[in-house]
file my_file_30.cif (mmCIF, C-alpha atoms)
data_run
#
loop_
_atom_site.label_atom_id
_atom_site.label_comp_id
_atom_site.auth_asym_id
_atom_site.auth_seq_id
_atom_site.Cartn_x
_atom_site.Cartn_y
_atom_site.Cartn_z
CA MET A 1 80.23 96.03 75.28
CA LYS A 2 79.59 95.01 78.86
CA LYS A 3 79.84 97.03 82.07
CA LEU A 4 83.23 98.59 81.32
CA GLY A 5 82.05 99.62 77.87
CA ALA A 6 80.32 102.69 79.22
CA VAL A 7 83.55 103.90 80.81
CA LEU A 8 85.59 103.30 77.68
CA GLY A 9 82.92 104.77 75.44
CA VAL A 10 82.75 108.00 77.38
CA ALA A 11 86.53 108.29 77.34
CA ALA A 12 86.55 107.82 73.58
CA LEU A 13 83.83 110.44 73.04
CA LEU A 14 85.70 112.96 75.16
CA VAL A 15 88.83 112.47 73.09
CA VAL A 16 86.89 112.81 69.85
CA ALA A 17 85.22 116.00 71.08
CA GLY A 18 88.62 117.53 71.80
CA CYS A 19 90.06 116.77 68.35
CA SER A 20 90.22 119.28 65.50
CA SER A 21 89.67 118.09 61.94
CA ASP A 22 93.16 119.11 60.83
CA ASP A 23 95.17 117.71 63.76
CA GLY A 24 96.67 114.34 62.75
CA ASP A 25 98.16 113.58 66.17
CA ASP A 26 94.84 114.15 67.96
CA ALA A 27 93.06 111.97 65.42
CA ALA A 28 95.54 109.18 66.16
CA SER A 29 94.87 109.58 69.89
CA SER A 30 91.14 109.32 69.26
CA SER A 31 91.59 106.10 67.31
CA ALA A 32 93.72 104.60 70.10
CA ALA A 33 91.20 105.56 72.78
CA SER A 34 88.34 103.90 70.93
CA GLY A 35 90.30 100.71 70.22
CA PRO A 36 91.20 97.72 72.43
CA VAL A 37 92.59 98.45 75.90
CA THR A 38 95.59 96.67 77.43
CA LEU A 39 95.56 96.74 81.22
CA ASN A 40 99.04 96.26 82.70
CA VAL A 41 98.86 94.48 86.06
CA TYR A 42 102.03 94.05 88.11
CA ALA A 43 101.59 91.44 90.85
CA ALA A 44 103.65 89.57 93.44
CA ALA A 45 105.02 86.21 92.29
CA SER A 46 102.84 84.34 94.81
CA LEU A 47 99.76 85.63 92.95
CA LYS A 48 100.61 84.10 89.58
CA ASN A 49 97.98 81.35 89.51
CA THR A 50 95.18 83.34 91.11
CA PHE A 51 95.68 86.55 89.15
CA THR A 52 95.93 84.61 85.90
CA ALA A 53 92.50 83.16 86.69
CA ILE A 54 91.10 86.53 87.81
CA ALA A 55 92.43 88.20 84.66
CA GLY A 56 90.61 85.60 82.57
CA GLU A 57 87.35 86.39 84.36
CA PHE A 58 87.92 90.11 83.91
CA GLU A 59 88.44 89.73 80.16
CA LYS A 60 85.24 87.67 79.89
CA GLU A 61 83.27 90.42 81.63
CA ASN A 62 84.83 93.32 79.72
CA ASP A 63 84.87 93.22 75.93
CA GLY A 64 87.84 94.92 74.31
CA VAL A 65 90.11 94.63 77.35
CA LYS A 66 93.30 92.55 77.41
CA VAL A 67 95.04 92.04 80.76
CA SER A 68 98.84 91.90 80.55
CA LEU A 69 100.31 90.32 83.69
CA SER A 70 103.83 90.82 85.08
CA PHE A 71 104.89 88.71 88.08
CA ASP A 72 108.00 89.05 90.25
CA GLY A 73 109.06 89.80 93.81
CA SER A 74 107.13 92.80 95.12
CA SER A 75 110.28 94.83 95.79
CA THR A 76 111.49 94.21 92.24
CA LEU A 77 108.15 95.34 90.81
CA VAL A 78 108.18 98.51 92.91
CA ASN A 79 111.59 99.42 91.51
CA GLN A 80 110.36 98.80 87.97
CA ILE A 81 107.29 101.00 88.47
CA LYS A 82 109.39 103.78 89.99
CA GLN A 83 111.66 103.61 86.95
CA GLY A 84 108.73 104.14 84.60
CA ALA A 85 107.32 100.68 83.88
CA PRO A 86 103.77 101.11 82.45
CA ALA A 87 101.85 99.55 85.35
CA ASP A 88 98.15 100.39 85.70
CA VAL A 89 97.63 98.19 88.77
CA PHE A 90 100.04 96.94 91.44
CA ALA A 91 99.32 94.06 93.85
CA SER A 92 101.94 93.55 96.55
CA ALA A 93 102.55 90.65 98.92
CA ASP A 94 102.97 93.09 101.79
CA GLU A 95 102.08 96.61 102.85
CA LYS A 96 105.72 97.68 103.19
CA ASN A 97 106.40 97.50 99.47
CA MET A 98 103.11 99.20 98.62
CA GLU A 99 104.16 102.05 100.91
CA LYS A 100 107.41 102.37 98.95
CA LEU A 101 105.39 103.57 95.96
CA GLY A 102 104.27 106.58 97.98
CA ASP A 103 101.80 108.83 96.17
CA LYS A 104 101.97 106.63 93.08
CA ALA A 105 99.82 104.04 94.89
CA THR A 106 96.22 105.23 94.70
CA ASP A 107 93.82 104.10 97.43
CA PRO A 108 95.44 100.73 98.31
CA LYS A 109 93.12 98.11 99.81
CA ILE A 110 93.93 94.77 101.47
CA PHE A 111 92.49 91.86 99.47
CA ALA A 112 94.15 88.75 100.96
CA THR A 113 96.48 87.38 103.63
CA ASN A 114 99.12 84.67 103.62
CA THR A 115 101.49 82.87 106.00
CA LEU A 116 104.71 80.90 105.66
CA VAL A 117 105.41 77.19 105.57
CA ILE A 118 108.47 75.00 105.02
CA VAL A 119 108.62 72.89 101.87
CA THR A 120 110.85 69.87 101.38
CA ALA A 121 111.22 67.07 98.87
CA PRO A 122 108.29 64.59 98.90
CA GLY A 123 108.46 62.40 101.98
CA ASN A 124 110.62 64.92 103.85
CA PRO A 125 113.79 62.77 103.56
CA LYS A 126 115.88 65.03 105.83
CA GLY A 127 113.36 64.73 108.67
CA ILE A 128 112.74 68.43 109.12
CA ALA A 129 110.18 69.01 111.87
CA SER A 130 110.53 72.69 112.76
CA PHE A 131 111.91 76.07 111.73
CA ALA A 132 115.05 75.38 113.80
CA ASP A 133 115.64 72.17 111.84
CA LEU A 134 116.45 74.23 108.75
CA ASN A 135 119.93 74.55 110.30
CA LYS A 136 120.40 70.80 110.75
CA ALA A 137 123.69 69.41 109.45
CA GLY A 138 123.38 68.27 105.86
CA VAL A 139 120.28 70.37 105.10
CA THR A 140 120.52 72.87 102.25
CA THR A 141 117.97 75.63 102.84
CA VAL A 142 116.91 78.50 100.59
CA VAL A 143 114.86 81.58 101.52
CA CYS A 144 113.76 84.85 99.91
CA GLN A 145 115.81 88.03 99.96
CA GLU A 146 114.82 90.17 102.93
CA ALA A 147 113.74 93.02 100.61
CA GLN A 148 110.99 90.74 99.31
CA PRO A 149 107.85 90.16 101.42
CA CYS A 150 108.55 86.43 101.86
CA GLY A 151 112.08 87.23 103.02
CA ASN A 152 110.94 89.97 105.37
CA ALA A 153 108.40 87.57 106.90
CA THR A 154 111.13 84.94 107.31
CA ALA A 155 113.36 87.52 109.02
CA THR A 156 110.51 88.33 111.41
CA VAL A 157 110.16 84.65 112.30
CA GLU A 158 113.91 84.52 112.91
CA LYS A 159 113.64 87.49 115.26
CA ASN A 160 110.65 86.01 117.09
CA THR A 161 112.24 82.59 117.54
CA GLY A 162 115.89 83.55 117.96
CA VAL A 163 116.76 81.15 115.14
CA THR A 164 118.84 82.57 112.27
CA VAL A 165 118.59 80.38 109.18
CA LYS A 166 121.94 79.71 107.54
CA ALA A 167 120.58 79.81 104.00
CA ALA A 168 122.55 78.53 101.04
CA SER A 169 120.99 81.27 98.92
CA GLU A 170 118.51 84.13 99.12
CA GLU A 171 116.17 84.27 96.13
CA GLN A 172 114.48 87.22 94.41
CA SER A 173 111.01 85.68 94.64
CA VAL A 174 109.09 83.01 96.49
CA THR A 175 108.63 81.20 93.17
CA ALA A 176 112.40 80.89 92.84
CA VAL A 177 112.62 79.36 96.33
CA LEU A 178 109.94 76.81 95.48
CA THR A 179 111.65 75.94 92.19
CA LYS A 180 114.96 75.21 93.92
CA VAL A 181 113.21 72.72 96.21
CA THR A 182 111.09 71.03 93.51
CA THR A 183 114.14 70.62 91.25
CA GLY A 184 116.32 69.16 94.00
CA GLN A 185 118.73 72.10 94.22
CA ALA A 186 117.75 72.57 97.88
CA ASP A 187 116.48 70.27 100.62
CA ALA A 188 114.13 72.85 102.12
CA GLY A 189 112.75 76.32 101.55
CA VAL A 190 110.49 78.82 103.25
CA VAL A 191 107.54 79.81 101.05
CA TYR A 192 103.91 80.85 101.41
CA VAL A 193 101.18 78.34 102.19
CA THR A 194 99.61 79.10 98.81
CA ASP A 195 102.82 78.28 96.92
CA ALA A 196 103.14 74.97 98.73
CA LYS A 197 99.53 74.16 97.90
CA SER A 198 100.06 74.96 94.22
CA ALA A 199 103.05 72.60 94.11
CA GLY A 200 100.86 69.66 95.13
CA ASP A 201 102.67 66.35 95.58
CA LYS A 202 105.96 67.81 94.33
CA VAL A 203 106.68 68.87 97.91
CA ALA A 204 106.02 67.94 101.52
CA THR A 205 105.13 70.70 103.96
CA VAL A 206 106.23 71.35 107.54
CA ASP A 207 104.46 73.89 109.72
CA ASP A 208 105.83 75.69 112.77
CA PRO A 209 103.76 77.52 115.40
CA ALA A 210 105.90 80.61 114.85
CA PHE A 211 104.52 81.03 111.33
CA ALA A 212 101.01 81.77 112.58
CA GLU A 213 102.31 84.92 114.28
CA VAL A 214 103.58 86.44 111.02
CA VAL A 215 100.77 87.25 108.60
CA ASN A 216 101.40 89.04 105.31
CA LYS A 217 98.63 91.36 104.17
CA TYR A 218 98.28 91.82 100.40
CA PRO A 219 97.21 95.29 99.14
CA ILE A 220 96.13 96.26 95.62
CA ALA A 221 96.11 99.77 94.14
CA THR A 222 95.92 101.58 90.85
CA VAL A 223 99.05 103.50 89.88
CA SER A 224 98.74 107.27 89.87
CA GLY A 225 98.98 108.74 86.38
CA ALA A 226 98.48 105.38 84.69
CA ALA A 227 96.92 105.35 81.23
CA ASN A 228 94.00 103.10 82.19
CA ASP A 229 93.00 104.29 85.65
CA ALA A 230 89.26 103.63 85.24
CA VAL A 231 89.86 100.10 83.92
CA GLY A 232 92.37 99.46 86.71
CA LYS A 233 89.81 100.38 89.35
CA GLU A 234 87.35 97.90 87.80
CA PHE A 235 90.02 95.17 87.98
CA ALA A 236 90.75 95.96 91.64
CA GLU A 237 87.02 95.77 92.39
CA LEU A 238 86.88 92.30 90.84
CA VAL A 239 89.80 91.15 93.02
CA LEU A 240 88.10 92.53 96.12
CA GLY A 241 84.67 91.23 95.13
CA GLU A 242 83.01 87.83 95.29
CA THR A 243 84.67 86.38 92.17
CA GLY A 244 88.19 87.36 93.13
CA GLN A 245 87.79 86.32 96.74
CA LYS A 246 86.49 82.89 95.70
CA ILE A 247 89.51 82.28 93.46
CA LEU A 248 91.93 83.48 96.15
CA GLY A 249 90.22 81.43 98.87
CA GLU A 250 90.39 78.24 96.83
CA ALA A 251 94.14 78.79 96.40
CA GLY A 252 94.63 78.98 100.16
CA PHE A 253 94.77 82.74 100.72
CA GLY A 254 93.18 84.07 103.89
CA LYS A 255 90.49 86.73 104.01
CA PRO A 256 91.58 90.38 104.14
#
call {"tool": "encode", "arguments": {"input": "my_file_30.cif", "output": "structure tokens"}}
result
Amino acid sequence: MKKLGAVLGVAALLVVAGCSSDDGDDAASSSAASGPVTLNVYAAASLKNTFTAIAGEFEKENDGVKVSLSFDGSSTLVNQIKQGAPADVFASADEKNMEKLGDKATDPKIFATNTLVIVTAPGNPKGIASFADLNKAGVTTVVCQEAQPCGNATATVEKNTGVTVKAASEEQSVTAVLTKVTTGQADAGVVYVTDAKSAGDKVATVDDPAFAEVVNKYPIATVSGAANDAVGKEFAELVLGETGQKILGEAGFGKP
């Protein structure tokens, strides 16, 4: 057992100490505490590649721990957690959705930043050169729902520029926006820089000066009352530490 073993071992001993010899339910709890641990991490869709890599590193460093990852729009994940989803850790693509968890979010810390970019089909066949060009005749544009961090950031750019994008659809996650562009269902979409980078040559990118003024800050927190609080804190520390920051930086995320 590596560094987390001490934490898990103490927890198991405490459970055993509290069990009576004739209590079957307590004995079952003791067995569960001393067995493998599944850490449930709920993370914004834009973190899929990086958190999958970070989870792999965490499992290597901590014997007996399995990280179960759930990715979706941050607002969607918040609703799931509020409704009782068994999240131990929550990583949001903005502070607004972390705040929606209220007291359930324990000691949130910023671990990364991100900005928007326009993605088009390879070669940019519709000649999009700016945010305003998303409203050009013949251009089908998709964006995120405003409740999601990517959509809220897009709405802020609209406010700052005075340009309201006439979107063909508003998607539940930034991943869904990217998919519509890469599959040809849309000519252009507004996504994060990191999502565009992960798509590689499947898309062309178009920047706009207005995007630099809207920076999303990503916080991570353990969920109050979660079953694996101590393990969750260790995971958050890895994200905030050298290993996590290296993985995030290579994917295009900015420093906290």
call {"tool": "closest_residue", "arguments": {"input": "my_file_30.cif", "among": "A:Thr182, A:Thr113, A:Thr76, A:Pro209", "to": "Phe253 (chain A)", "atoms": "all atoms listed in the file"}}
result
A:Thr113
call {"tool": "closest_atom_pairs", "arguments": {"input": "my_file_30.cif", "of": "region 110-189 of chain A", "to": "region 194-207 of chain A", "cutoff": "9 Å", "atoms": "all atoms listed in the file", "output": "tab-separated table"}}
result
residue	atom	partner	partner_atom	distance
A:Asn114	CA	A:Thr194	CA	7.4
A:Thr115	CA	A:Thr194	CA	8.3
A:Leu116	CA	A:Asp207	CA	8.1
A:Val117	CA	A:Asp207	CA	5.4
A:Ile118	CA	A:Val206	CA	5.0
A:Val119	CA	A:Thr205	CA	4.6
A:Thr120	CA	A:Ala204	CA	5.2
A:Ala121	CA	A:Val203	CA	5.0
A:Pro122	CA	A:Val203	CA	4.7
A:Gly123	CA	A:Ala204	CA	6.1
A:Asn124	CA	A:Ala204	CA	6.0
A:Ile128	CA	A:Val206	CA	7.3
A:Ala129	CA	A:Val206	CA	6.3
A:Ser130	CA	A:Asp207	CA	6.9
A:Phe131	CA	A:Asp207	CA	8.0
A:Val174	CA	A:Asp195	CA	7.9
A:Thr175	CA	A:Asp195	CA	7.5
A:Leu178	CA	A:Asp195	CA	7.4
A:Val181	CA	A:Val203	CA	7.8
A:Thr182	CA	A:Lys202	CA	6.1
call {"tool": "atom_distance", "arguments": {"input": "my_file_30.cif", "atom1": "CA of Glu61 (chain A)", "atom2": "CA of Ser46 (chain A)"}}
result
24.4 Å
call {"tool": "closest_residue", "arguments": {"input": "my_file_30.cif", "among": "A:Ala112, A:Thr164, A:Ser68, A:Thr106", "to": "Gly249 (chain A)", "atoms": "only C-alpha atoms"}}
result
A:Ala112
call {"tool": "resolve_selection", "arguments": {"input": "my_file_30.cif", "expression": "the PyMOL selection byres ((chain A and resi 99) around 12)", "output": "mmCIF file with C-alpha atoms, in the coordinates of the input"}}
result
data_model
loop_
_atom_site.group_PDB
_atom_site.id
_atom_site.type_symbol
_atom_site.label_atom_id
_atom_site.label_comp_id
_atom_site.auth_asym_id
_atom_site.auth_seq_id
_atom_site.Cartn_x
_atom_site.Cartn_y
_atom_site.Cartn_z
ATOM 1 C CA SER A 74 107.130 92.800 95.120
ATOM 2 C CA SER A 75 110.280 94.830 95.790
ATOM 3 C CA VAL A 78 108.180 98.510 92.910
ATOM 4 C CA PHE A 90 100.040 96.940 91.440
ATOM 5 C CA ALA A 91 99.320 94.060 93.850
ATOM 6 C CA SER A 92 101.940 93.550 96.550
ATOM 7 C CA ALA A 93 102.550 90.650 98.920
ATOM 8 C CA ASP A 94 102.970 93.090 101.790
ATOM 9 C CA GLU A 95 102.080 96.610 102.850
ATOM 10 C CA LYS A 96 105.720 97.680 103.190
ATOM 11 C CA ASN A 97 106.400 97.500 99.470
ATOM 12 C CA MET A 98 103.110 99.200 98.620
ATOM 13 C CA LYS A 100 107.410 102.370 98.950
ATOM 14 C CA LEU A 101 105.390 103.570 95.960
ATOM 15 C CA GLY A 102 104.270 106.580 97.980
ATOM 16 C CA ASP A 103 101.800 108.830 96.170
ATOM 17 C CA LYS A 104 101.970 106.630 93.080
ATOM 18 C CA ALA A 105 99.820 104.040 94.890
ATOM 19 C CA THR A 106 96.220 105.230 94.700
ATOM 20 C CA ASP A 107 93.820 104.100 97.430
ATOM 21 C CA PRO A 108 95.440 100.730 98.310
ATOM 22 C CA LYS A 109 93.120 98.110 99.810
ATOM 23 C CA TYR A 218 98.280 91.820 100.400
ATOM 24 C CA PRO A 219 97.210 95.290 99.140
ATOM 25 C CA ILE A 220 96.130 96.260 95.620
ATOM 26 C CA ALA A 221 96.110 99.770 94.140
#
call {"tool": "atom_distance", "arguments": {"input": "my_file_30.cif", "atom1": "CA of Leu69 (chain A)", "atom2": "CA of Val41 (chain A)"}}
result
5.0 Å
call {"tool": "atom_distance", "arguments": {"input": "my_file_30.cif", "atom1": "CA of Val223 (chain A)", "atom2": "CA of Asp88 (chain A)"}}
result
5.3 Å
call {"tool": "closest_residue", "arguments": {"input": "my_file_30.cif", "among": "A:Gly225, A:Pro125, A:Gly254, A:Gly241", "to": "Pro86 (chain A)", "atoms": "all atoms listed in the file"}}
result
A:Gly225
call {"tool": "closest_residue", "arguments": {"input": "my_file_30.cif", "among": "A:Gln83, A:Val89, A:Val214, A:Leu47", "to": "Glu234 (chain A)", "atoms": "all atoms listed in the file"}}
result
A:Val89
call {"tool": "resolve_selection", "arguments": {"input": "my_file_30.cif", "expression": "the PyMOL selection byres ((chain A and resi 168) around 6)", "output": "ChimeraX atom specification"}}
result
/A:141-142,167,169
call {"tool": "resolve_selection", "arguments": {"input": "my_file_30.cif", "expression": "the PyMOL selection byres ((chain A and resi 171) around 9)", "output": "ChimeraX atom specification"}}
result
/A:142-145,148,151,169-170,172-177
call {"tool": "write_last_selection", "arguments": {"input": "my_file_30.cif", "atoms": "C-alpha atoms", "output": "compact mmCIF listing (two decimals), in the coordinates of the input"}}
result
# COMPACT_ATOMS: atom_id res chain seq x y z
CA VAL A 142 116.91 78.50 100.59
CA VAL A 143 114.86 81.58 101.52
CA CYS A 144 113.76 84.85 99.91
CA GLN A 145 115.81 88.03 99.96
CA GLN A 148 110.99 90.74 99.31
CA GLY A 151 112.08 87.23 103.02
CA SER A 169 120.99 81.27 98.92
CA GLU A 170 118.51 84.13 99.12
CA GLN A 172 114.48 87.22 94.41
CA SER A 173 111.01 85.68 94.64
CA VAL A 174 109.09 83.01 96.49
CA THR A 175 108.63 81.20 93.17
CA ALA A 176 112.40 80.89 92.84
CA VAL A 177 112.62 79.36 96.33
call {"tool": "residues_around", "arguments": {"input": "my_file_30.cif", "residues": "Asn40 (chain A)", "least_positions_apart": "2", "cutoff": "12 Å", "atoms": "only C-alpha atoms", "output": "list in words"}}
result
Val37, Thr38, Tyr42, Ala43, Ala55, Val65, Lys66, Val67, Ser68, Leu69, Ser70, Phe71, Ile81, Ala85, Pro86, Ala87, Asp88, Val89, Phe90, Ala91, Thr222, Val223, Ala226, Ala227, Asn228, Asp229, Val231, Gly232 and Phe235 of chain A
call {"tool": "closest_residue", "arguments": {"input": "my_file_30.cif", "among": "A:Thr243, A:Leu238, A:Ala230, A:Cys150", "to": "Leu39 (chain A)", "atoms": "all atoms listed in the file"}}
result
A:Ala230
call {"tool": "axis_aligned_box", "arguments": {"input": "my_file_30.cif", "around": "region 82-85 of chain A", "padding_each_side": "3 Å", "output": "lines of an AutoDock Vina configuration file"}}
result
center_x = 109.5
center_y = 102.4
center_z = 86.9
size_x = 10.3
size_y = 9.5
size_z = 12.1
call {"tool": "closest_residue", "arguments": {"input": "my_file_30.cif", "among": "A:Asn160, A:Pro256, A:Gln185, A:Thr179", "to": "Phe211 (chain A)", "atoms": "only C-alpha atoms"}}
result
A:Asn160
